[in-house]
Structures are given as structure tokens and as C-alpha cells.
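A.B. asks: File follows, structure-v9.txt with compact mmCIF, C-alpha atoms:
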```txt
# COMPACT_ATOMS: atom_id res chain seq x y z
CA MET A 11 79.91 65.35 177.06
CA ARG A 12 80.73 61.68 176.72
CA LEU A 13 78.55 59.25 178.63
CA ARG A 14 78.81 55.52 178.99
CA LYS A 15 75.85 53.92 177.26
CA ARG A 16 73.39 52.20 179.59
CA ALA A 17 71.19 49.60 177.93
CA TRP A 18 68.51 50.01 180.59
CA ALA A 19 68.19 53.81 180.26
CA ARG A 20 65.83 54.03 177.27
CA PRO A 21 63.49 51.22 178.46
CA GLU A 22 63.15 52.96 181.83
CA LEU A 23 62.22 56.20 180.08
CA GLU A 24 59.80 54.44 177.74
CA ASN A 25 57.91 53.00 180.70
CA ASP A 26 57.03 56.43 182.10
CA GLN A 27 54.20 58.54 180.67
CA ASN A 28 56.02 61.76 181.55
CA VAL A 29 58.66 61.06 178.91
CA ILE A 30 57.51 61.99 175.40
CA PHE A 31 59.24 60.09 172.60
CA SER A 32 57.05 61.46 169.77
CA PRO A 33 56.82 65.16 170.68
CA TRP A 34 56.02 66.31 167.13
CA GLU A 35 52.59 64.70 167.57
CA TYR A 36 51.75 67.30 170.22
CA LYS A 37 52.74 70.49 168.43
CA GLY A 38 50.21 73.12 169.47
CA LYS A 39 48.67 70.74 172.03
CA TRP A 40 51.09 70.83 174.96
CA LYS A 41 48.62 72.38 177.39
CA ASP A 42 46.36 69.41 176.71
CA ILE A 43 49.24 67.11 177.68
CA PHE A 44 49.53 68.85 181.05
CA GLY A 45 45.77 69.07 181.45
CA ASN A 46 45.72 72.75 182.44
CA ASP A 47 46.20 76.25 181.07
CA TYR A 48 49.37 77.12 183.00
CA PRO A 49 52.32 78.72 181.17
CA ILE A 50 54.95 76.37 179.77
CA HIS A 51 58.68 76.90 180.37
CA LEU A 52 61.39 74.96 178.58
CA GLU A 53 64.95 73.96 179.52
CA LEU A 54 67.34 73.04 176.73
CA GLY A 55 69.97 70.54 177.84
CA CYS A 56 68.80 69.67 181.34
CA GLY A 57 71.78 67.56 182.42
CA ARG A 58 71.05 65.56 185.58
CA GLY A 59 68.04 67.67 186.39
CA ARG A 60 68.78 69.45 189.63
CA PHE A 61 67.79 72.84 188.19
CA ILE A 62 64.54 71.83 186.49
CA ASN A 63 63.38 69.68 189.41
CA GLU A 64 63.90 72.47 191.94
CA LEU A 65 62.20 74.93 189.62
CA ALA A 66 59.17 72.70 189.04
CA SER A 67 58.90 71.90 192.75
CA ALA A 68 58.88 75.59 193.68
CA ASN A 69 56.40 76.68 190.96
CA THR A 70 53.50 74.26 190.77
CA THR A 71 51.35 76.60 188.64
CA THR A 72 53.91 76.57 185.83
CA ASN A 73 54.46 73.61 183.49
CA TYR A 74 58.01 72.61 182.59
CA ILE A 75 59.52 70.64 179.73
CA ALA A 76 63.15 69.48 179.83
CA ILE A 77 64.99 68.45 176.69
CA ASP A 78 68.19 66.43 176.48
CA VAL A 79 69.59 64.04 173.90
CA TYR A 80 71.17 61.68 176.45
CA TYR A 81 68.95 58.93 177.88
CA GLU A 82 71.50 58.33 180.64
CA LEU A 83 71.01 61.90 181.91
CA LEU A 84 67.24 61.97 181.50
CA VAL A 85 66.91 58.90 183.69
CA ASN A 86 68.34 60.92 186.58
CA VAL A 87 65.93 63.79 185.85
CA LEU A 88 62.99 61.40 185.72
CA ARG A 89 63.88 59.64 188.97
CA LYS A 90 64.15 62.96 190.81
CA ALA A 91 60.82 64.12 189.37
CA ASN A 92 59.09 60.92 190.43
CA GLU A 93 60.66 61.09 193.88
CA ASN A 94 59.31 64.63 194.20
CA GLN A 95 55.93 63.51 192.76
CA LEU A 96 56.00 66.30 190.22
CA LYS A 97 52.96 66.59 187.97
CA ASN A 98 54.20 69.66 186.08
CA LEU A 99 57.34 68.29 184.41
CA LYS A 100 57.65 66.40 181.11
CA LEU A 101 60.85 65.17 179.47
CA ILE A 102 61.69 64.99 175.77
CA PRO A 103 64.70 62.98 174.54
CA ILE A 104 65.60 64.80 171.31
CA ASN A 105 68.30 66.99 169.80
CA VAL A 106 67.55 70.69 170.30
CA GLU A 107 68.05 71.29 166.58
CA ASN A 108 64.62 69.70 166.02
CA ILE A 109 62.78 72.02 168.40
CA GLU A 110 60.93 74.02 165.75
CA GLY A 111 58.98 70.94 164.74
CA ILE A 112 57.50 70.19 168.16
CA PHE A 113 56.15 73.51 169.46
CA ALA A 114 53.73 75.98 167.89
CA GLN A 115 54.16 79.77 167.79
CA GLY A 116 53.74 81.23 171.26
CA GLU A 117 53.52 77.88 173.04
CA ILE A 118 56.57 78.54 175.23
CA GLU A 119 56.72 81.48 177.66
CA LYS A 120 60.27 81.13 179.00
CA LEU A 121 63.37 79.26 177.92
CA TYR A 122 66.43 78.28 179.96
CA ILE A 123 69.91 77.50 178.61
CA ASN A 124 72.33 76.44 181.33
CA PHE A 125 76.01 75.65 180.74
CA CYS A 126 75.69 74.43 177.19
CA ASN A 127 78.71 73.20 175.24
CA PRO A 128 80.73 76.32 174.26
CA TRP A 129 82.02 74.74 171.04
CA PRO A 130 85.16 76.94 171.01
CA ASN A 131 86.30 75.95 167.52
CA ARG A 132 84.92 78.52 165.07
CA ARG A 133 83.79 75.89 162.59
CA HIS A 134 81.57 74.43 165.33
CA HIS A 135 79.95 77.69 166.46
CA LYS A 136 76.71 76.82 164.68
CA ARG A 137 76.22 74.05 167.24
CA ARG A 138 76.02 76.51 170.12
CA LEU A 139 72.57 76.66 171.68
CA THR A 140 72.74 80.46 171.54
CA HIS A 141 73.80 80.65 167.90
CA PRO A 142 71.59 82.86 165.67
CA ASN A 143 70.39 79.84 163.70
CA LEU A 144 68.83 78.41 166.86
CA LEU A 145 67.73 81.78 168.23
CA ARG A 146 65.62 82.17 165.10
CA GLN A 147 64.03 78.80 165.82
CA TYR A 148 63.31 79.82 169.41
CA GLN A 149 61.54 82.91 168.10
CA THR A 150 59.06 80.65 166.31
CA ILE A 151 57.97 78.97 169.57
CA LEU A 152 58.19 81.83 172.10
CA LYS A 153 55.43 84.31 172.89
CA LYS A 154 56.21 87.96 172.31
CA GLY A 155 57.72 89.37 175.48
CA SER A 156 59.00 85.97 176.55
CA GLU A 157 62.44 85.60 178.07
CA ILE A 158 65.50 83.43 177.57
CA TRP A 159 67.70 82.93 180.64
CA PHE A 160 71.27 81.97 179.83
CA LYS A 161 74.08 80.87 182.18
CA THR A 162 77.62 79.82 181.35
CA ASP A 163 81.10 79.56 182.82
CA ASP A 164 82.70 80.26 179.42
CA GLU A 165 83.65 83.91 178.89
CA LYS A 166 84.11 83.70 175.10
CA LEU A 167 80.75 81.98 174.65
CA PHE A 168 79.11 84.63 176.81
CA ILE A 169 80.63 87.55 174.89
CA ASP A 170 79.68 85.99 171.56
CA SER A 171 76.18 85.18 172.80
CA LEU A 172 75.54 88.79 173.80
CA GLU A 173 76.12 89.69 170.17
CA TYR A 174 73.96 86.79 168.97
CA PHE A 175 71.00 87.92 171.09
CA LYS A 176 71.38 91.55 170.08
CA GLY A 177 71.65 90.67 166.41
CA GLU A 178 68.44 88.64 166.51
CA GLY A 179 66.37 91.39 168.13
CA PHE A 180 66.44 90.32 171.77
CA THR A 181 66.64 92.96 174.51
CA GLY A 182 69.06 92.37 177.39
CA LEU A 183 67.13 92.83 180.65
CA TYR A 184 69.82 91.76 183.10
CA ILE A 185 73.44 90.93 182.29
CA THR A 186 76.28 90.10 184.68
CA ASP A 187 79.65 88.43 184.34
CA ASP A 188 79.62 87.40 188.02
CA LEU A 189 76.18 86.11 188.97
CA HIS A 190 77.04 85.10 192.52
CA GLN A 191 78.38 88.56 193.36
CA SER A 192 75.46 90.34 191.69
CA ASP A 193 72.15 91.53 193.15
CA PHE A 194 70.15 88.97 191.16
CA GLN A 195 67.58 87.15 193.31
CA GLY A 196 66.09 83.68 192.85
CA ASN A 197 68.99 81.85 191.22
CA ILE A 198 68.81 78.04 191.24
CA MET A 199 72.14 76.25 191.08
CA THR A 200 72.83 73.52 188.55
CA GLU A 201 75.28 70.68 189.14
CA TYR A 202 77.80 72.29 186.80
CA GLU A 203 77.32 75.67 188.41
CA GLU A 204 78.20 74.31 191.84
CA LYS A 205 81.29 72.60 190.42
CA PHE A 206 82.51 75.76 188.68
CA CYS A 207 81.85 77.94 191.72
CA ASN A 208 83.90 75.58 193.88
CA GLN A 209 86.72 76.06 191.38
CA GLY A 210 86.49 79.83 191.70
CA ILE A 211 85.09 80.32 188.19
CA LYS A 212 82.72 83.27 187.76
CA ILE A 213 79.25 82.48 186.41
CA LYS A 214 78.00 84.64 183.55
CA PHE A 215 74.24 85.23 183.29
CA GLY A 216 71.81 87.08 181.10
CA ARG A 217 68.06 87.57 180.78
CA PHE A 218 66.91 88.40 177.28
CA SER A 219 63.44 89.43 176.15
CA LEU A 220 61.83 88.75 172.77
CA ARG A 221 60.42 92.01 171.41
```
Written as C-alpha cells, that's how I'd like the structure from this file.

C.D. replies:
Amino acid sequence: MRLRKRAWARPELENDQNVIFSPWEYKGKWKDIFGNDYPIHLELGCGRGRFINELASANTTTNYIAIDVYYELLVNVLRKANENQLKNLKLIPINVENIEGIFAQGEIEKLYINFCNPWPNRRHHKRRLTHPNLLRQYQTILKKGSEIWFKTDDEKLFIDSLEYFKGEGFTGLYITDDLHQSDFQGNIMTEYEEKFCNQGIKIKFGRFSLR
């Protein structure tokens, strides 16, 4: 994704206490940041924030953290959260590759990966958010029995990811190559998901549990 740089984006984020620019300082202390003992769920690559805002609005006894590297996208997420007066959503502007350094073992109880870059070139596969290198990092922050929910429009990424999850010891709980024609209940659409559906592209989805 290429975004036009906006000089005002970072200052707007810096002026809001719900955006954490030094997340490594809170490793093992995230429940203190939220001020309660509710479970913490994490979205990697939150885009413009439709998904995470709807999720946080509907589940006020769960805490949510959204990560994205683009300030220009996080501004949209933040504005929606403030408009909805959400108290259970924090934002972190970092690269996902640094995730192991900001959460302690068992601090996260569910993880969402929605429409990440498929990186189709083989030499770039290690950049995929479902690649085994990152799955092993996720295992260091997830509680046993926790789930990863993964959605994509890209068939090759989905097929490869099924092997990635299996190879790293995750159990597939629910897998479909056509989410919107499946019996799955409770799906929340992302902006990309709506776009792809309007184009007639099938949405692939999987729930995976950490043994």
C-alpha cells in the first residue's frame, strides 16, 4: 500500500493518549494501561479501522489494540474511535515485525489478520503476516488455547497460510474459501472486504487455535 504522506498525521496521533508510541515500555503491563482485567485482543494491520471500531463498540468488556505502520491510516482509526467514545481501544504505530518486544507471554487472547499484503513473489514470502517466522513470534504473546482469525481475498496466500499454521502447531477450527456463503456467524466486514465482495471475489477465512 502506498499512501501520500500527511505532515499533520503523526502530530494528531501524538496528541491522543490512546495512541502508544513507546509500546515496549508496557510489555507485561497492558492491563494496567486499560485499567481493568478484561481480555486483550489484537489486530495486525488495521487499515482505516472499520473492523476494529465495530468490534470494540460491540464488545465493551474486551480490550482491543490495533497495530499499523501508517500514521495516515491510524488517524482514521483514531477519529472513529473518538467519535464512538471508545475506552477499550488503543493504537500502536509500529511494524508488526517488532511485536515480540512489546507483549509478554500470554498477554494476548485473540489475534486478527485481515487482508494483509499477499507478497506473491517467493523471495518476499517472509514478509507475510502469516509466515512461520511471525507465527512463532505470535506464539510468544498468545495464551494457550488462543485463536488467530485470518481473512484474505488471495487464494495462493490462503493455501500457503493453511500450511504455515499447520506446520507451526496451530489447529484449524473453522476454514472456508467462501466466507459469505458459509454458515459462519458474527463476521464484521472490513473496507477491503466490502470492495472485494462487490467485485465478486470470494473471501477466504480461517480460525486457528494455539495448542

A.B. asks: Identify, on the basis of only C-alpha atoms, every residue whose closest approach to segment 146-153 of chain A does not exceed 6 Å; exclude the query and any residue fewer than 2 positions from it along the same chain; express the result as a ChimeraX atom specification.

C.D. replies: /A:110,113-119,143-144,156

A.B. asks: So which one's closest to Phe61 of chain A, A:Met199, A:Cys126, A:Ala17, A:Ile30? Using only C-alpha atoms, please.

C.D. replies: A:Met199

A.B. asks: List the neighbours of segment 160-164 of chain A out to 7 Å using all atoms listed in the file; skip same-chain residues closer than 3 positions along the sequence, and give me the result as number ranges by chain.

C.D. replies: A: 122-125, 128, 167-168, 211-217

A.B. asks: What does the file look like for those residues with C-alpha atoms, as a PDB file, in the frame of the given file?

C.D. replies:
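Full text of selection09.pdb as output:
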```
ATOM      1  CA  TYR A 122      66.430  78.280 179.960  1.00  0.00           C
ATOM      2  CA  ILE A 123      69.910  77.500 178.610  1.00  0.00           C
ATOM      3  CA  ASN A 124      72.330  76.440 181.330  1.00  0.00           C
ATOM      4  CA  PHE A 125      76.010  75.650 180.740  1.00  0.00           C
ATOM      5  CA  PRO A 128      80.730  76.320 174.260  1.00  0.00           C
ATOM      6  CA  LEU A 167      80.750  81.980 174.650  1.00  0.00           C
ATOM      7  CA  PHE A 168      79.110  84.630 176.810  1.00  0.00           C
ATOM      8  CA  ILE A 211      85.090  80.320 188.190  1.00  0.00           C
ATOM      9  CA  LYS A 212      82.720  83.270 187.760  1.00  0.00           C
ATOM     10  CA  ILE A 213      79.250  82.480 186.410  1.00  0.00           C
ATOM     11  CA  LYS A 214      78.000  84.640 183.550  1.00  0.00           C
ATOM     12  CA  PHE A 215      74.240  85.230 183.290  1.00  0.00           C
ATOM     13  CA  GLY A 216      71.810  87.080 181.100  1.00  0.00           C
ATOM     14  CA  ARG A 217      68.060  87.570 180.780  1.00  0.00           C
TER      15      ARG A 217
END
```

A.B. asks: If you take every atom of segment 42-49 of chain A that the file lists and fit an axis-aligned box around them with 3 Å extra on each side, what centre and edge lengths come out in Å to one decimal, as lines of an AutoDock Vina configuration file?

C.D. replies:
```
center_x = 49.0
center_y = 72.9
center_z = 179.9
size_x = 12.6
size_y = 17.6
size_z = 12.3
```

A.B. asks: Check the smallest atom-to-atom distance from each of A:Glu165, A:Glu24, A:Asp78, A:Glu64 to Asn197 of chain A using all atoms listed in the file, then report the winner.

C.D. replies: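 When distances to Asn197 of chain A are compared using all atoms listed in the file, the smallest one comes from A:Glu64.
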
A.B. asks: I need the residue nearest Leu99 of chain A from this list: A:Ile43, A:Ile112, A:Leu139, A:Ala66. Use all atoms listed in the file for the distance.

C.D. replies: A:Ala66

A.B. asks: Rank nothing, just name the residue among A:Glu157, A:Asp170, A:Asp188, A:Glu82 nearest to Glu203 of chain A, using all atoms listed in the file.

C.D. replies: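 Closest to Glu203 of chain A of all the choices is A:Asp188.
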
A.B. asks: Can you tell me how far atom CA of Lys39 of chain A sits from atom CA of Phe180 of chain A, in Å to one decimal?

C.D. replies: 26.4 Å

A.B. asks: So that I can see what lies close to segment 101-108 of chain A, please list as a count of residues only the residues with an atom at most 7 Å from it, counting only C-alpha atoms and leaving out residues fewer than 6 positions away in the same chain.

C.D. replies: 12

A.B. asks: Provide segment 24-49 of chain A rebuilt to N, CA, C and O atoms, formatted as a PDB file, in the frame of the given file.

C.D. replies:
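Written file, out-v2.pdb:
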```pdb
ATOM      1  N   GLU A  24      60.966  54.825 178.531  1.00  0.00           N
ATOM      2  CA  GLU A  24      59.800  54.440 177.740  1.00  0.00           C
ATOM      3  C   GLU A  24      58.644  53.965 178.606  1.00  0.00           C
ATOM      4  O   GLU A  24      57.479  54.029 178.182  1.00  0.00           O
ATOM      5  N   ASN A  25      58.942  53.515 179.806  1.00  0.00           N
ATOM      6  CA  ASN A  25      57.910  53.000 180.700  1.00  0.00           C
ATOM      7  C   ASN A  25      57.253  54.074 181.554  1.00  0.00           C
ATOM      8  O   ASN A  25      56.456  53.758 182.436  1.00  0.00           O
ATOM      9  N   ASP A  26      57.590  55.333 181.299  1.00  0.00           N
ATOM     10  CA  ASP A  26      57.030  56.430 182.100  1.00  0.00           C
ATOM     11  C   ASP A  26      56.274  57.391 181.185  1.00  0.00           C
ATOM     12  O   ASP A  26      56.823  57.876 180.194  1.00  0.00           O
ATOM     13  N   GLN A  27      55.041  57.694 181.515  1.00  0.00           N
ATOM     14  CA  GLN A  27      54.200  58.540 180.670  1.00  0.00           C
ATOM     15  C   GLN A  27      54.640  59.996 180.643  1.00  0.00           C
ATOM     16  O   GLN A  27      54.182  60.774 179.796  1.00  0.00           O
ATOM     17  N   ASN A  28      55.534  60.376 181.541  1.00  0.00           N
ATOM     18  CA  ASN A  28      56.020  61.760 181.550  1.00  0.00           C
ATOM     19  C   ASN A  28      57.189  61.985 180.620  1.00  0.00           C
ATOM     20  O   ASN A  28      57.707  63.099 180.531  1.00  0.00           O
ATOM     21  N   VAL A  29      57.610  60.940 179.919  1.00  0.00           N
ATOM     22  CA  VAL A  29      58.660  61.060 178.910  1.00  0.00           C
ATOM     23  C   VAL A  29      58.000  60.929 177.535  1.00  0.00           C
ATOM     24  O   VAL A  29      57.331  59.934 177.253  1.00  0.00           O
ATOM     25  N   ILE A  30      58.190  61.930 176.689  1.00  0.00           N
ATOM     26  CA  ILE A  30      57.510  61.990 175.400  1.00  0.00           C
ATOM     27  C   ILE A  30      58.495  61.682 174.280  1.00  0.00           C
ATOM     28  O   ILE A  30      59.392  62.477 173.986  1.00  0.00           O
ATOM     29  N   PHE A  31      58.332  60.511 173.654  1.00  0.00           N
ATOM     30  CA  PHE A  31      59.240  60.090 172.600  1.00  0.00           C
ATOM     31  C   PHE A  31      58.784  60.528 171.201  1.00  0.00           C
ATOM     32  O   PHE A  31      59.558  60.451 170.252  1.00  0.00           O
ATOM     33  N   SER A  32      57.556  60.977 171.067  1.00  0.00           N
ATOM     34  CA  SER A  32      57.050  61.460 169.770  1.00  0.00           C
ATOM     35  C   SER A  32      56.475  62.863 169.945  1.00  0.00           C
ATOM     36  O   SER A  32      55.285  63.106 169.724  1.00  0.00           O
ATOM     37  N   PRO A  33      57.324  63.823 170.327  1.00  0.00           N
ATOM     38  CA  PRO A  33      56.820  65.160 170.680  1.00  0.00           C
ATOM     39  C   PRO A  33      56.191  65.916 169.530  1.00  0.00           C
ATOM     40  O   PRO A  33      55.340  66.780 169.747  1.00  0.00           O
ATOM     41  N   TRP A  34      56.588  65.608 168.291  1.00  0.00           N
ATOM     42  CA  TRP A  34      56.020  66.310 167.130  1.00  0.00           C
ATOM     43  C   TRP A  34      54.514  66.070 167.001  1.00  0.00           C
ATOM     44  O   TRP A  34      53.811  66.845 166.377  1.00  0.00           O
ATOM     45  N   GLU A  35      54.029  64.990 167.622  1.00  0.00           N
ATOM     46  CA  GLU A  35      52.590  64.700 167.570  1.00  0.00           C
ATOM     47  C   GLU A  35      51.782  65.692 168.409  1.00  0.00           C
ATOM     48  O   GLU A  35      50.562  65.766 168.266  1.00  0.00           O
ATOM     49  N   TYR A  36      52.454  66.426 169.283  1.00  0.00           N
ATOM     50  CA  TYR A  36      51.750  67.300 170.220  1.00  0.00           C
ATOM     51  C   TYR A  36      51.986  68.782 169.943  1.00  0.00           C
ATOM     52  O   TYR A  36      51.665  69.624 170.785  1.00  0.00           O
ATOM     53  N   LYS A  37      52.517  69.099 168.785  1.00  0.00           N
ATOM     54  CA  LYS A  37      52.740  70.490 168.430  1.00  0.00           C
ATOM     55  C   LYS A  37      51.424  71.265 168.504  1.00  0.00           C
ATOM     56  O   LYS A  37      50.434  70.889 167.882  1.00  0.00           O
ATOM     57  N   GLY A  38      51.413  72.320 169.290  1.00  0.00           N
ATOM     58  CA  GLY A  38      50.210  73.120 169.470  1.00  0.00           C
ATOM     59  C   GLY A  38      49.237  72.553 170.493  1.00  0.00           C
ATOM     60  O   GLY A  38      48.186  73.146 170.747  1.00  0.00           O
ATOM     61  N   LYS A  39      49.587  71.416 171.120  1.00  0.00           N
ATOM     62  CA  LYS A  39      48.670  70.740 172.030  1.00  0.00           C
ATOM     63  C   LYS A  39      49.296  70.473 173.403  1.00  0.00           C
ATOM     64  O   LYS A  39      48.799  69.649 174.164  1.00  0.00           O
ATOM     65  N   TRP A  40      50.377  71.162 173.729  1.00  0.00           N
ATOM     66  CA  TRP A  40      51.090  70.830 174.960  1.00  0.00           C
ATOM     67  C   TRP A  40      50.298  71.134 176.221  1.00  0.00           C
ATOM     68  O   TRP A  40      50.439  70.450 177.238  1.00  0.00           O
ATOM     69  N   LYS A  41      49.438  72.120 176.199  1.00  0.00           N
ATOM     70  CA  LYS A  41      48.620  72.380 177.390  1.00  0.00           C
ATOM     71  C   LYS A  41      47.629  71.254 177.627  1.00  0.00           C
ATOM     72  O   LYS A  41      47.258  70.959 178.770  1.00  0.00           O
ATOM     73  N   ASP A  42      47.216  70.586 176.553  1.00  0.00           N
ATOM     74  CA  ASP A  42      46.360  69.410 176.710  1.00  0.00           C
ATOM     75  C   ASP A  42      47.122  68.274 177.377  1.00  0.00           C
ATOM     76  O   ASP A  42      46.557  67.504 178.172  1.00  0.00           O
ATOM     77  N   ILE A  43      48.409  68.147 177.070  1.00  0.00           N
ATOM     78  CA  ILE A  43      49.240  67.110 177.680  1.00  0.00           C
ATOM     79  C   ILE A  43      49.327  67.305 179.187  1.00  0.00           C
ATOM     80  O   ILE A  43      49.259  66.349 179.958  1.00  0.00           O
ATOM     81  N   PHE A  44      49.451  68.570 179.613  1.00  0.00           N
ATOM     82  CA  PHE A  44      49.530  68.850 181.050  1.00  0.00           C
ATOM     83  C   PHE A  44      48.153  68.876 181.707  1.00  0.00           C
ATOM     84  O   PHE A  44      48.041  68.747 182.922  1.00  0.00           O
ATOM     85  N   GLY A  45      47.115  69.065 180.908  1.00  0.00           N
ATOM     86  CA  GLY A  45      45.770  69.070 181.450  1.00  0.00           C
ATOM     87  C   GLY A  45      45.391  70.355 182.165  1.00  0.00           C
ATOM     88  O   GLY A  45      44.495  70.361 183.025  1.00  0.00           O
ATOM     89  N   ASN A  46      46.062  71.452 181.828  1.00  0.00           N
ATOM     90  CA  ASN A  46      45.720  72.750 182.440  1.00  0.00           C
ATOM     91  C   ASN A  46      46.158  73.862 181.497  1.00  0.00           C
ATOM     92  O   ASN A  46      46.721  73.608 180.431  1.00  0.00           O
ATOM     93  N   ASP A  47      45.905  75.090 181.918  1.00  0.00           N
ATOM     94  CA  ASP A  47      46.200  76.250 181.070  1.00  0.00           C
ATOM     95  C   ASP A  47      47.384  77.052 181.613  1.00  0.00           C
ATOM     96  O   ASP A  47      47.543  78.228 181.296  1.00  0.00           O
ATOM     97  N   TYR A  48      48.220  76.426 182.425  1.00  0.00           N
ATOM     98  CA  TYR A  48      49.370  77.120 183.000  1.00  0.00           C
ATOM     99  C   TYR A  48      50.424  77.402 181.917  1.00  0.00           C
ATOM    100  O   TYR A  48      50.506  76.694 180.913  1.00  0.00           O
ATOM    101  N   PRO A  49      51.231  78.435 182.120  1.00  0.00           N
ATOM    102  CA  PRO A  49      52.320  78.720 181.170  1.00  0.00           C
ATOM    103  C   PRO A  49      53.320  77.571 181.118  1.00  0.00           C
ATOM    104  O   PRO A  49      53.490  76.836 182.093  1.00  0.00           O
TER     105      PRO A  49
END
```
